[in-house]
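Since the structure comes first, as structure tokens, the remarks are kept for the end.
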Amino acid sequence: PSRIFGAARRCLTPSWSEDQALPRTMASAEAAGAAARERSRSPPPAPAAGADSVLAGLSALLLGLERRPDRRQRCEDMLAKEVPWLKNEFFRATDGKADAIPEDEVAKTWNTKNNSLYGAYEDVMDRDGKVLHTAAEFADPGVEYEFSPGERGCAHS
């Protein structure tokens, strides 16, 4: 049976020791960054006994926006390099900026009340320092926020 795997983007930044000088040009900065990323990559693990037969049937769905072929290509390139044996298929994501999304499938607003159980909110102020929402309000009764079209499309996908 085929399985769906999510991909996580790795954010790698160059690491500098104090005795190294920072690069002076953009080209040398890019080269140093590429070298640091290459140093930070772990070698691929050795396959477990019998892994070939277990992994042979796996496939992946690449979820993405049709209007962003660059993202799709980047993901396909990474998969081809890292797991060339993995079959993959493109699955069109809902584009919140272009597709109609019924409100009974994805709400237009969300409330912070449940999120406050898992994160610490702070007072939110406007540019003049006037308090718009207190930290306590985020927990009870909660603050209503409107989803952006992209957030609604992501949730719908």
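As shown in the structure tokens, the chain order sets the letters A, B, ...; within each chain, residues go from 1, and ligands are also counted from 1 in the order they appear.
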Check: Contacts of A:Ala100 at 12 Å or less, counting only C-alpha atoms, minus same-chain residues fewer than 4 places along, as a list in words?
Finding: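 Final neighbour list, sorted by chain and number: Thr94, Asp95, Gly96, Asp104, Glu105, Val106, Pro149, Gly150, Arg152, Gly153 and His156 of chain A.
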Check: Tell me, which residues of stretch 94-147 of chain A carry DSSP strand (DSSP E), written as a ChimeraX atom specification?
Finding: /A:109-111,124-125,131-133,144-146
Put those residues in a file: C-alpha atoms, as an mmCIF file, in the first residue's frame.
data_model
loop_
_atom_site.group_PDB
_atom_site.id
_atom_site.type_symbol
_atom_site.label_atom_id
_atom_site.label_comp_id
_atom_site.auth_asym_id
_atom_site.auth_seq_id
_atom_site.Cartn_x
_atom_site.Cartn_y
_atom_site.Cartn_z
ATOM 1 C CA THR A 109 -12.048 33.013 11.565
ATOM 2 C CA TRP A 110 -10.330 31.277 14.459
ATOM 3 C CA ASN A 111 -10.219 31.908 18.177
ATOM 4 C CA VAL A 124 -0.797 43.234 21.972
ATOM 5 C CA MET A 125 -0.542 46.987 21.485
ATOM 6 C CA VAL A 131 -3.443 47.837 24.494
ATOM 7 C CA LEU A 132 -5.540 46.066 21.859
ATOM 8 C CA HIS A 133 -5.709 42.678 23.602
ATOM 9 C CA GLU A 144 -11.034 36.218 17.073
ATOM 10 C CA TYR A 145 -8.678 36.412 14.102
ATOM 11 C CA GLU A 146 -9.526 36.178 10.419
#
Notebook entry, point to check: When distances are computed from only C-alpha atoms, which of A:Asp123, A:Glu103, A:Cys75, A:Glu82 shows the smallest separation from A:Ala135?
Noted result: A:Asp123
Notebook entry, point to check: Distance atom CA of A:Leu65-atom CA of A:Val83, one decimal place?
Noted result: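 Atom CA of A:Leu65 sits 22.5 Å away from atom CA of A:Val83.
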Item checked: Pairwise distance for atom CA of A:Asp70 and atom CA of A:Gly57, rounded to one decimal in Å ->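 So the two atoms, atom CA of A:Asp70 and atom CA of A:Gly57, lie 27.5 Å apart.
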Checklist line | Distance of atom CA of A:Tyr121 from atom CA of A:Phe138, expressed in Å to one decimal place | finding: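 We find that atom CA of A:Phe138 and atom CA of A:Tyr121 lie 6.8 Å from each other.
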Margin query: Under the rule that only C-alpha atoms are counted, which of A:Gly64, A:Ala34, A:Leu58, A:Lys81 is the nearest residue to A:Ala93?
Written below: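 Ranking A:Gly64, A:Ala34, A:Leu58, A:Lys81 by distance to A:Ala93, first place goes to A:Gly64.
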Next item on the list: Skip A:Leu117 itself and residues of its chain fewer than 6 positions away, then list as a PyMOL selection string all residues within 12 Å of it, counting only C-alpha atoms.
Entry: chain A and resi 136+138-140+142
Next item on the list: Compare A:Asn88, A:Gln73, A:Ser148, A:Asn115 by their minimum atom-to-atom distance to A:Ala60, counting only C-alpha atoms, and give me the closest one.
Entry: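 Result for the nearest residue to A:Ala60: A:Asn88.
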Notebook entry, point to check: Between A:Cys154, A:Ala107, A:Ala56, A:Ala35, which is the closest to A:Trp85 once you count only C-alpha atoms?
Noted result: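 Looking at the shortest contact to A:Trp85, the residue is A:Ala56.
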